[in-house]
Structure formats: structure tokens, C-alpha cells
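Colleague: Below is upload-v8.cif; it holds mmCIF, C-alpha atoms.
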data_model
#
loop_
_atom_site.label_atom_id
_atom_site.label_comp_id
_atom_site.auth_asym_id
_atom_site.auth_seq_id
_atom_site.Cartn_x
_atom_site.Cartn_y
_atom_site.Cartn_z
CA MET A 1 25.63 -17.20 14.57
CA ARG A 2 24.65 -14.69 11.91
CA PRO A 3 22.88 -15.92 8.77
CA MET A 4 24.53 -16.01 5.36
CA ARG A 5 23.62 -12.76 3.65
CA PHE A 6 23.87 -11.89 -0.03
CA ILE A 7 23.88 -8.43 -1.61
CA ASP A 8 22.59 -8.08 -5.16
CA CYS A 9 24.52 -5.02 -6.33
CA HIS A 10 22.62 -4.47 -9.57
CA ALA A 11 18.93 -5.17 -10.19
CA HIS A 12 16.15 -3.41 -12.09
CA LEU A 13 13.52 -3.74 -9.38
CA VAL A 14 11.28 -0.98 -10.69
CA PRO A 15 8.57 -0.68 -13.36
CA PRO A 16 8.58 -1.00 -16.34
CA HIS A 17 11.34 -3.61 -16.03
CA VAL A 18 9.39 -5.60 -13.43
CA ALA A 19 5.64 -5.40 -12.75
CA LEU A 20 4.57 -4.15 -9.32
CA ASP A 21 3.05 -7.49 -8.31
CA ASP A 22 6.27 -9.26 -9.26
CA ILE A 23 8.30 -6.70 -7.31
CA ALA A 24 6.21 -7.44 -4.22
CA ALA A 25 6.86 -11.17 -4.61
CA ALA A 26 10.56 -10.61 -5.25
CA VAL A 27 11.19 -8.49 -2.16
CA GLU A 28 9.22 -10.91 0.00
CA ALA A 29 11.41 -13.75 -1.26
CA CYS A 30 14.51 -11.66 -0.56
CA ALA A 31 13.38 -11.09 3.02
CA LYS A 32 13.01 -14.84 3.56
CA GLU A 33 16.38 -15.69 2.01
CA HIS A 34 18.51 -12.86 3.45
CA VAL A 35 19.11 -11.25 0.06
CA TYR A 36 19.51 -7.48 -0.05
CA VAL A 37 19.24 -5.47 -3.24
CA ILE A 38 20.64 -2.32 -4.81
CA ALA A 39 17.99 -1.27 -7.32
CA VAL A 40 19.32 0.74 -10.28
CA THR A 41 17.58 3.01 -12.76
CA GLU A 42 18.12 3.52 -16.48
CA SER A 43 16.35 6.85 -16.94
CA VAL A 44 15.47 9.94 -14.94
CA SER A 45 11.78 9.00 -15.18
CA GLU A 46 12.44 5.87 -13.08
CA TRP A 47 13.98 7.77 -10.16
CA PRO A 48 10.71 9.04 -8.60
CA THR A 49 9.08 5.64 -9.06
CA LEU A 50 11.92 3.99 -7.20
CA GLN A 51 11.73 6.59 -4.43
CA GLN A 52 7.98 6.08 -4.07
CA LEU A 53 8.43 2.33 -3.74
CA TRP A 54 11.02 2.85 -1.03
CA ASN A 55 8.92 5.48 0.76
CA HIS A 56 5.51 3.88 0.55
CA GLY A 57 5.59 0.45 -1.08
CA ALA A 58 3.33 1.87 -3.78
CA VAL A 59 3.48 4.11 -6.83
CA ASN A 60 1.49 7.29 -7.41
CA ARG A 61 1.50 7.51 -11.18
CA GLY A 62 0.68 11.22 -11.09
CA ALA A 63 3.46 12.25 -8.74
CA THR A 64 6.14 14.64 -9.91
CA ASN A 65 9.83 14.12 -9.31
CA SER A 66 9.86 16.53 -6.38
CA GLU A 67 6.73 15.00 -4.84
CA ALA A 68 8.29 11.56 -4.89
CA ILE A 69 10.97 12.64 -2.45
CA GLY A 70 9.66 12.54 1.08
CA THR A 71 9.74 10.98 4.50
CA PRO A 72 9.19 7.21 4.40
CA ARG A 73 5.63 6.43 5.41
CA ASN A 74 4.68 2.91 6.39
CA LEU A 75 1.36 2.13 4.75
CA GLY A 76 1.19 -1.20 6.53
CA SER A 77 1.77 -3.14 3.33
CA PRO A 78 4.21 -6.04 3.11
CA THR A 79 5.64 -4.48 -0.05
CA HIS A 80 6.59 -1.34 1.85
CA ASN A 81 8.00 -3.20 4.83
CA HIS A 82 10.13 -5.49 2.69
CA TYR A 83 11.16 -2.92 0.08
CA HIS A 84 12.20 -0.52 2.80
CA ALA A 85 14.19 -3.19 4.65
CA GLN A 86 15.71 -5.06 1.71
CA VAL A 87 16.34 -2.48 -1.02
CA ALA A 88 18.74 0.43 -1.47
CA LEU A 89 18.54 2.83 -4.40
CA CYS A 90 20.95 3.78 -7.16
CA GLY A 91 20.03 6.48 -9.70
CA GLY A 92 21.52 6.95 -13.13
CA VAL A 93 20.97 7.47 -16.85
CA HIS A 94 21.75 4.48 -19.07
CA PRO A 95 23.41 4.94 -22.49
CA VAL A 96 20.36 3.34 -24.14
CA GLN A 97 16.96 4.92 -23.54
CA PRO A 98 13.36 3.92 -24.36
CA ASN A 99 12.18 5.34 -27.67
CA GLU A 100 9.26 7.60 -26.78
CA ALA A 101 7.78 7.22 -30.27
CA TYR A 102 7.65 3.44 -29.88
CA THR A 103 6.21 3.70 -26.37
CA GLU A 104 3.44 6.00 -27.59
CA ALA A 105 2.69 3.74 -30.54
CA ALA A 106 2.50 0.72 -28.25
CA LEU A 107 -0.05 2.50 -26.08
CA ASN A 108 -2.29 3.44 -29.00
CA GLN A 109 -1.87 0.63 -31.51
CA SER A 110 -1.90 -3.13 -31.61
CA PRO A 111 1.55 -4.74 -31.93
CA ASN A 112 0.82 -5.72 -35.53
CA ASP A 113 0.17 -2.09 -36.47
CA ILE A 114 3.47 -0.72 -35.14
CA PRO A 115 5.92 -0.19 -38.02
CA SER A 116 8.70 -2.76 -37.96
CA THR A 117 11.19 0.02 -38.67
CA LEU A 118 10.33 1.85 -35.43
CA PRO A 119 13.01 0.92 -32.85
CA LYS A 120 12.06 0.23 -29.24
CA VAL A 121 15.08 2.11 -27.93
CA ARG A 122 17.21 5.12 -28.82
CA ALA A 123 20.67 6.32 -27.94
CA VAL A 124 21.02 8.66 -24.99
CA ARG A 125 20.95 12.40 -25.74
CA ILE A 126 23.45 14.94 -24.46
CA ASP A 127 20.70 16.79 -22.57
CA GLU A 128 19.54 13.64 -20.77
CA CYS A 129 21.22 14.61 -17.47
CA THR A 130 20.28 18.28 -17.43
CA SER A 131 16.76 18.14 -16.04
CA ALA A 132 16.03 20.31 -13.02
CA TRP A 133 15.61 17.24 -10.85
CA SER A 134 18.95 15.71 -11.77
CA GLN A 135 20.68 19.04 -11.26
CA ALA A 136 19.13 19.21 -7.79
CA LEU A 137 20.28 15.70 -6.95
CA PRO A 138 23.53 16.72 -5.21
CA THR A 139 21.55 18.77 -2.69
CA GLN A 140 18.90 16.06 -2.23
CA LEU A 141 21.20 13.08 -1.72
CA PRO A 142 22.76 14.06 1.63
CA ASN A 143 19.28 13.92 3.17
CA HIS A 144 18.37 10.59 1.58
CA PRO A 145 20.77 7.85 2.66
CA GLU A 146 18.72 5.26 0.78
CA TRP A 147 20.40 6.51 -2.43
CA VAL A 148 23.71 4.68 -2.22
CA GLY A 149 25.19 5.11 -5.70
CA ILE A 150 24.98 6.54 -9.21
CA GLY A 151 23.93 4.03 -11.85
CA GLU A 152 23.21 2.40 -14.15
CA VAL A 153 25.52 4.60 -16.22
CA GLY A 154 28.20 4.05 -18.82
CA LEU A 155 28.71 3.25 -22.48
CA ASP A 156 27.10 0.83 -24.93
CA TYR A 157 28.88 0.43 -28.24
CA SER A 158 26.80 -2.51 -29.45
CA PRO A 159 26.33 -2.17 -33.22
CA HIS A 160 22.54 -1.99 -32.99
CA VAL A 161 22.83 0.89 -30.51
CA LEU A 162 25.36 2.84 -32.55
CA ARG A 163 23.15 2.55 -35.64
CA LEU A 164 20.34 4.42 -33.89
CA ALA A 165 22.02 7.82 -34.11
CA GLY A 166 25.11 7.05 -36.15
CA PRO A 167 28.32 5.71 -34.57
CA GLU A 168 30.18 8.94 -33.90
CA PRO A 169 27.24 11.09 -32.69
CA SER A 170 26.09 8.22 -30.47
CA LYS A 171 29.53 7.68 -28.97
CA ALA A 172 30.00 11.40 -28.36
CA ALA A 173 26.66 11.74 -26.57
CA GLN A 174 27.26 8.63 -24.49
CA ARG A 175 30.70 9.83 -23.43
CA GLN A 176 29.40 13.25 -22.44
CA VAL A 177 26.51 11.85 -20.40
CA PHE A 178 28.82 9.32 -18.73
CA VAL A 179 31.31 12.04 -17.77
CA GLN A 180 28.48 14.17 -16.35
CA GLN A 181 27.51 11.27 -14.11
CA ILE A 182 31.09 10.48 -13.10
CA GLN A 183 31.35 14.09 -11.96
CA LEU A 184 28.01 13.84 -10.16
CA ALA A 185 29.21 10.72 -8.34
CA GLN A 186 32.39 12.49 -7.31
CA ARG A 187 30.51 15.58 -6.07
CA CYS A 188 28.16 13.37 -4.05
CA GLN A 189 30.97 11.01 -2.96
CA LEU A 190 29.01 8.01 -4.21
CA PRO A 191 30.14 4.94 -6.15
CA LEU A 192 29.40 4.35 -9.82
CA ASN A 193 27.45 1.34 -11.11
CA VAL A 194 28.73 1.01 -14.68
CA HIS A 195 27.40 -0.58 -17.87
CA SER A 196 30.03 -1.03 -20.59
CA ARG A 197 28.74 -3.43 -23.23
CA GLN A 198 31.32 -3.77 -26.01
CA ALA A 199 32.93 -0.62 -24.63
CA GLY A 200 34.98 -1.79 -21.66
CA ARG A 201 38.28 -0.17 -22.57
CA TYR A 202 36.59 3.09 -23.52
CA ALA A 203 34.72 3.19 -20.21
CA LEU A 204 38.00 2.55 -18.39
CA ASP A 205 39.64 5.39 -20.32
CA LEU A 206 37.10 7.82 -18.85
CA ILE A 207 37.26 6.22 -15.41
CA GLU A 208 41.05 6.52 -15.38
CA THR A 209 40.87 10.14 -16.54
CA HIS A 210 38.56 11.10 -13.69
CA TYR A 211 39.67 8.78 -10.89
CA GLY A 212 43.41 8.67 -11.53
CA SER A 213 45.92 6.38 -13.15
CA ILE A 214 47.33 3.07 -11.97
CA PRO A 215 49.50 3.62 -8.88
CA SER A 216 53.21 3.54 -9.57
CA GLY A 217 54.73 0.09 -9.20
CA GLN A 218 51.40 -1.75 -9.14
CA ALA A 219 51.27 -4.68 -11.52
CA ALA A 220 48.30 -4.87 -13.84
CA GLY A 221 45.84 -7.36 -12.43
CA ALA A 222 47.28 -7.30 -8.94
CA SER A 223 44.80 -7.33 -6.09
CA THR A 224 45.79 -4.65 -3.59
CA LEU A 225 44.16 -2.35 -1.13
CA HIS A 226 44.01 0.29 -3.86
CA ALA A 227 40.36 0.56 -4.88
CA ILE A 228 38.10 3.15 -6.44
CA PRO A 229 34.32 3.38 -6.02
CA VAL A 230 33.44 1.87 -9.38
CA LEU A 231 31.48 -1.32 -10.08
CA LEU A 232 31.76 -2.79 -13.57
CA HIS A 233 28.54 -4.74 -13.93
CA ALA A 234 28.30 -7.82 -16.19
CA PHE A 235 31.64 -6.90 -17.72
CA ASP A 236 32.26 -8.40 -21.17
CA GLY A 237 35.79 -7.11 -21.86
CA LYS A 238 38.82 -9.17 -22.82
CA PRO A 239 41.09 -10.55 -20.07
CA SER A 240 43.60 -7.75 -20.68
CA VAL A 241 40.86 -5.17 -20.13
CA VAL A 242 39.69 -6.98 -16.99
CA ARG A 243 43.24 -6.82 -15.65
CA ARG A 244 43.37 -3.11 -16.42
CA GLY A 245 40.12 -2.61 -14.50
CA LEU A 246 41.58 -4.48 -11.55
CA ALA A 247 44.73 -2.40 -11.63
CA LEU A 248 42.66 0.77 -11.63
CA GLY A 249 40.87 -0.51 -8.53
CA CYS A 250 37.44 -1.41 -9.92
CA TYR A 251 35.09 -4.06 -8.57
CA PHE A 252 33.32 -6.60 -10.79
CA SER A 253 29.91 -8.22 -10.31
CA ILE A 254 28.99 -11.74 -11.39
CA PRO A 255 25.42 -12.38 -12.63
CA PRO A 256 23.59 -15.73 -12.43
CA ALA A 257 24.11 -16.14 -16.19
CA VAL A 258 27.58 -17.33 -15.19
CA ALA A 259 25.90 -20.75 -15.14
CA PHE A 260 26.09 -20.90 -18.94
CA ASP A 261 27.92 -17.82 -20.25
CA PRO A 262 31.66 -18.35 -20.85
CA THR A 263 32.36 -14.61 -20.64
CA PHE A 264 31.15 -14.45 -17.05
CA GLN A 265 32.76 -17.80 -16.22
CA ARG A 266 36.11 -16.38 -17.33
CA LEU A 267 35.44 -13.22 -15.32
CA ALA A 268 34.77 -15.23 -12.15
CA GLN A 269 38.10 -16.99 -12.63
CA LEU A 270 40.12 -13.85 -13.39
CA VAL A 271 38.89 -11.53 -10.66
CA PRO A 272 40.23 -12.13 -7.14
CA LEU A 273 37.67 -12.63 -4.41
CA ASP A 274 38.38 -9.27 -2.79
CA ARG A 275 37.13 -7.49 -5.93
CA LEU A 276 34.03 -9.60 -6.58
CA VAL A 277 30.43 -8.80 -5.73
CA LEU A 278 27.14 -10.38 -6.77
CA GLU A 279 24.44 -9.10 -9.10
CA SER A 280 21.23 -10.45 -10.60
CA ASP A 281 20.55 -7.77 -13.24
CA THR A 282 16.89 -8.62 -12.65
CA PRO A 283 14.94 -9.28 -14.83
CA ALA A 284 17.79 -10.23 -17.22
CA LEU A 285 20.89 -12.46 -16.99
CA GLY A 286 19.27 -15.24 -14.99
CA PRO A 287 20.69 -18.75 -14.61
CA VAL A 288 18.37 -20.10 -17.33
CA PRO A 289 18.58 -18.44 -20.78
CA GLN A 290 15.54 -16.41 -21.85
CA GLN A 291 13.81 -16.88 -18.50
CA PRO A 292 12.87 -14.01 -16.14
CA ASN A 293 15.32 -13.48 -13.31
CA THR A 294 14.89 -12.42 -9.67
CA PRO A 295 17.34 -11.11 -7.04
CA THR A 296 17.45 -14.33 -5.01
CA SER A 297 19.26 -15.98 -7.93
CA VAL A 298 22.46 -14.25 -6.80
CA LYS A 299 22.92 -17.31 -4.61
CA SER A 300 23.67 -19.26 -7.78
CA SER A 301 26.35 -16.70 -8.68
CA ALA A 302 27.90 -17.21 -5.26
CA GLU A 303 27.77 -20.99 -5.67
CA HIS A 304 29.63 -20.74 -8.98
CA ILE A 305 32.31 -18.49 -7.48
CA ALA A 306 32.72 -20.93 -4.59
CA GLN A 307 33.19 -23.82 -6.99
CA VAL A 308 35.70 -21.95 -9.18
CA LYS A 309 37.78 -20.72 -6.26
CA GLY A 310 37.57 -23.82 -4.08
CA LEU A 311 35.68 -22.09 -1.28
CA THR A 312 32.52 -22.72 0.67
CA LEU A 313 29.32 -20.85 -0.09
CA ALA A 314 29.55 -19.23 3.35
CA GLN A 315 33.02 -17.88 2.58
CA VAL A 316 31.86 -16.37 -0.70
CA ALA A 317 28.73 -14.90 0.89
CA ASP A 318 30.84 -13.30 3.61
CA ALA A 319 33.49 -11.94 1.23
CA THR A 320 31.10 -10.54 -1.37
CA THR A 321 28.94 -8.94 1.32
CA ARG A 322 31.99 -7.25 2.84
CA ASN A 323 33.10 -6.08 -0.61
CA ALA A 324 29.67 -4.60 -1.32
CA LEU A 325 29.67 -2.80 2.02
CA ARG A 326 33.09 -1.33 1.21
CA LEU A 327 32.01 -0.28 -2.26
CA PHE A 328 28.69 1.21 -1.11
CA PRO A 329 29.50 2.76 2.30
CA ARG A 330 26.00 4.16 2.81
CA LEU A 331 24.66 0.64 3.20
CA ARG A 332 26.08 0.48 6.72
CA ALA A 333 23.78 3.29 7.84
CA LEU A 334 20.82 1.95 5.90
CA TRP A 335 20.95 -1.70 6.99
CA PRO A 336 21.79 -2.03 10.73
CA TRP A 337 22.96 -5.63 10.36
CA ALA A 338 25.81 -4.36 8.13
CA ASN A 339 27.63 -3.17 11.23
CA ASP A 340 28.14 -6.82 12.20
CA TYR A 341 30.83 -6.96 9.51
CA ASP A 342 34.31 -5.62 10.22
CA LEU A 343 35.70 -3.98 7.09
#
Show me this structure written as C-alpha cells.

Modeller:
Amino acid sequence: MRPMRFIDCHAHLVPPHVALDDIAAAVEACAKEHVYVIAVTESVSEWPTLQQLWNHGAVNRGATNSEAIGTPRNLGSPTHNHYHAQVALCGGVHPVQPNEAYTEAALNQSPNDIPSTLPKVRAVRIDECTSAWSQALPTQLPNHPEWVGIGEVGLDYSPHVLRLAGPEPSKAAQRQVFVQQIQLAQRCQLPLNVHSRQAGRYALDLIETHYGSIPSGQAAGASTLHAIPVLLHAFDGKPSVVRRGLALGCYFSIPPAVAFDPTFQRLAQLVPLDRLVLESDTPALGPVPQQPNTPTSVKSSAEHIAQVKGLTLAQVADATTRNALRLFPRLRALWPWANDYDL
């Protein structure tokens, strides 16, 4: 009898979001509890770090983007063995980026000396996806099956984000960068892992434009075999927007914060089981507010779904694992056990 397996479809298991020592502990815990992780990035600078972790279980701070790509080399460390066995990679550019001025100030000044007016983050720039490395990505990806998707990408229309560059310039830049990455995903035939805080319907507008409209005769909200390779992570849209996403064929992921957040509780009720997957959003959105989160907490997401839908935990684990394998087809080549599941 095969064990219950859980796939965390969205986690930030890379510095600076999680310290290296904590990453080592997290992947070891995942190995013990049969939890498998899709690690996402928010910026181009995180891509080589993620690749190094997957290749070697360590990070060479001086490595360039091109040097980070290479044949996996087992250094004999538990971090490498577990990271390589438990984690798949997903590269993207988030609509909110670290503010380099704040980062530099934090390195050279005490926290009390950093001006309170200096924001920690900035809105994405239009040129964010035009680096030589990202342009080379379509030729690199076919040789690196560990990269299973494009993300975290999308839109963030939170008021504090739009204030950073002004509402209209910020929205325009976000849309352009998102479209660039939709097109990249389509060229590479990879799924999208989408962030859409306070921008769900606008993200769906772009998704519909590039992936096609609702099939004729399909009722909004109906669960059918029609599906597109798009995951809407931690979706906060209204029920009508959720139903539109379902009709378009999107999948939705439920974070452990469903334990207390009514938005995610409603999402778990609205979305049929065949469109649900699990996510931790490590280190955020854990089951306890304001506490650090880890990938193994996706079990609590599955437990909530089971309770809401009147199912057993085993049924939810099986269904969400199958859904994740459908959504991220490369996982079947990366994780041999995935072939135990008929899709």
C-alpha cells in the first residue's frame, strides 16, 4: 500500500525568504512526512540560488546565473539528498520586488538609522524580465526537467503596492511583465503559478486573452475536463471571480491559513475537488497567524478540505496529488513515485 503523499504547489524555499539552516530542516521533515514541494521564486536573482540548492544542497554566493546551471552533484549532504528528492523548481518574477535601496541601507546601517520613508519593496519594472539569463531560459529549460513551471508571477493591486510607483504606471508595468511571463510559459509549455492579490479579475482578463475564452456551452463554475495550465495561488477574489476562474479551467491552491481565514475557507468550499491543490506559501500563510510556516503544514490544508467536503484525508491527499501531477506534468519524470498514479 502506497503512503499518503502531499504536494505543496507553492513555497518560498529559498533564501532570503527562508534561512539555509531552516531549509535543511524543512526538507528533512518533508522527506519523513512524504511531502513534496514546488519551490517558487519572486525575482531573477533567486533563480540561480534555487538551482544551486537543487544541484548541490549548498549555495555559492559568488556564482553567476550561468554557473548555477549544471549537472546535479551529490556532495553527500542530507540537504542535497533531500532537496534533490523532495523539491521541484518554478522560476518567475513577482509583481512586487525588493527595494535595492532599502537592502543596501539594511546592510550598512542599524535598523534605527534607516529612514522610515524608505520602503522595503518596490513595484516591478518593465525591464525586469529582459535579462540575458531570462531570455535564455527557453533554451535552458528543456535540458533541466527540475524546472516544472513559471512562477511566482502575476499582479498585485494592493494599495500600498500601487502607491510605490503610482497606480497607473505600476499597473501598466505589472501587466507587461505578467504577459511576458505568460508568453514564456507558453513557449516552454509550462504551467503558470499566479499571484493575484486584489487583482483576480484583471489577472483572469490576461489569462483569458492568452489561453482562450470559456468553451461554448460551459456553465460558469462548472467542473469539467477543460483545464488550462494555470494555478491561482492563495486566491482572494470574490465568488463570482472564482467561478470565472473555474470556467476558464484554472486550478486553485489552499494554504494552511484556511484554518482561520474566511477567504480561503470560502475558496475551499467553492472549488470542486478536481481543481484543488495544496500550498504552504512558506514562510507565510501558516495555520497560526504571524508564525513562520513550513511545507509540511499542507497536511492541515488537506484536513480542512476533507472536513468541508465530507471526505477522508487519504481521499484528499490522493486527489490533490493527482491534480498537481496533471497541472505540472514534468513532476512525473522528476519523481519516479508519481508514475504510481493513473491520471

Colleague: So the first atom is atom CA of A:Gly151 and the second is atom CA of A:Val177; what is the distance between them in Å, to one decimal place?

Modeller: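 Atom CA of A:Val177 lies at a distance of 11.9 Å from atom CA of A:Gly151.
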
Colleague: Go through A:Gln52, A:Asn143, A:Thr41, A:Gln198 one by one, measure the shortest atom-to-atom distance of each to A:Arg330 using only C-alpha atoms, and give the residue with the smallest value.

Modeller: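 Result for the nearest residue to A:Arg330: A:Asn143.
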
Colleague: Identify, on the basis of all atoms listed in the file, every residue whose closest approach to stretch 25-36 of chain A does not exceed 9 Å; exclude the query and any residue fewer than 4 positions from it along the same chain; express the result as a PyMOL selection string.

Modeller: chain A and resi 3-9+13+20-21+78-79+82-83+85-88+294-296+298-299

Colleague: Measure the distance from atom CA of A:His160 to atom CA of A:Val124 in Å and round it to one decimal.

Modeller: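 Distance between the two atoms: 13.4 Å.
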
Colleague: Please list as a VMD selection string every residue within 9 Å of A:Val153, counting all atoms listed in the file and excluding residues in the same chain fewer than 2 positions away.

Modeller: chain A and resid 41 to 42 91 to 95 150 to 151 155 177 to 178 181 to 182 192 to 196

Colleague: Write a file of the just-selected residues containing C-alpha atoms, as a short mmCIF file (atom, residue, chain, number, x, y, z; two decimals), in the frame of the given file.

Modeller:
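Final output, selection_29.cif:
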data_model
loop_
_atom_site.label_atom_id
_atom_site.label_comp_id
_atom_site.auth_asym_id
_atom_site.auth_seq_id
_atom_site.Cartn_x
_atom_site.Cartn_y
_atom_site.Cartn_z
CA THR A 41 17.58 3.01 -12.76
CA GLU A 42 18.12 3.52 -16.48
CA GLY A 91 20.03 6.48 -9.70
CA GLY A 92 21.52 6.95 -13.13
CA VAL A 93 20.97 7.47 -16.85
CA HIS A 94 21.75 4.48 -19.07
CA PRO A 95 23.41 4.94 -22.49
CA ILE A 150 24.98 6.54 -9.21
CA GLY A 151 23.93 4.03 -11.85
CA LEU A 155 28.71 3.25 -22.48
CA VAL A 177 26.51 11.85 -20.40
CA PHE A 178 28.82 9.32 -18.73
CA GLN A 181 27.51 11.27 -14.11
CA ILE A 182 31.09 10.48 -13.10
CA LEU A 192 29.40 4.35 -9.82
CA ASN A 193 27.45 1.34 -11.11
CA VAL A 194 28.73 1.01 -14.68
CA HIS A 195 27.40 -0.58 -17.87
CA SER A 196 30.03 -1.03 -20.59
#

Colleague: Would you translate the PyMOL selection byres ((chain A and resi 164) around 12) into the concrete set of residues it matches in this file, as a PyMOL selection string?

Modeller: chain A and resi 95-99+117-125+156-163+165-171

Colleague: As a check of understanding, name the residues that the PyMOL selection byres ((chain A and resi 149) around 12) selects in the supplied structure, as a PyMOL selection string.

Modeller: chain A and resi 9-10+38-41+88-92+137-138+141-142+144-148+150-153+181-182+184-194+229-231+324-325+327-331

Colleague: Between atom CA of A:Arg275 and atom CA of A:Pro287, what distance in Å does the model show, to one decimal?

Modeller: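 We find that atom CA of A:Arg275 and atom CA of A:Pro287 lie 21.7 Å from each other.
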
Colleague: Output as lines of an AutoDock Vina configuration file the centre and edge lengths (Å, one decimal) of the box along x, y and z of the file that holds every listed atom of stretch 296-301 of chain A after adding 6 Å on each side.

Modeller:
center_x = 21.9
center_y = -16.8
center_z = -6.6
size_x = 20.9
size_y = 17.0
size_z = 16.1

Colleague: For this structure, which residues satisfy the selection - the PyMOL selection byres ((chain A and resi 318) around 12) - when it is evaluated on the file as given? I want them as a count of residues only.

Modeller: 32

Colleague: May I ask which of the residues A:Gln290, A:Val37, A:Pro16, A:Ser280 is the closest one to A:Trp335, counting only C-alpha atoms?

Modeller: A:Val37

Colleague: List as a PyMOL selection string: which residues have an atom within 12 Å of (38.9, -7.3, -20.7), counting all atoms listed in the file?

Modeller: chain A and resi 196-204+220-221+232+234-247+252+263-264+266-267+270-271
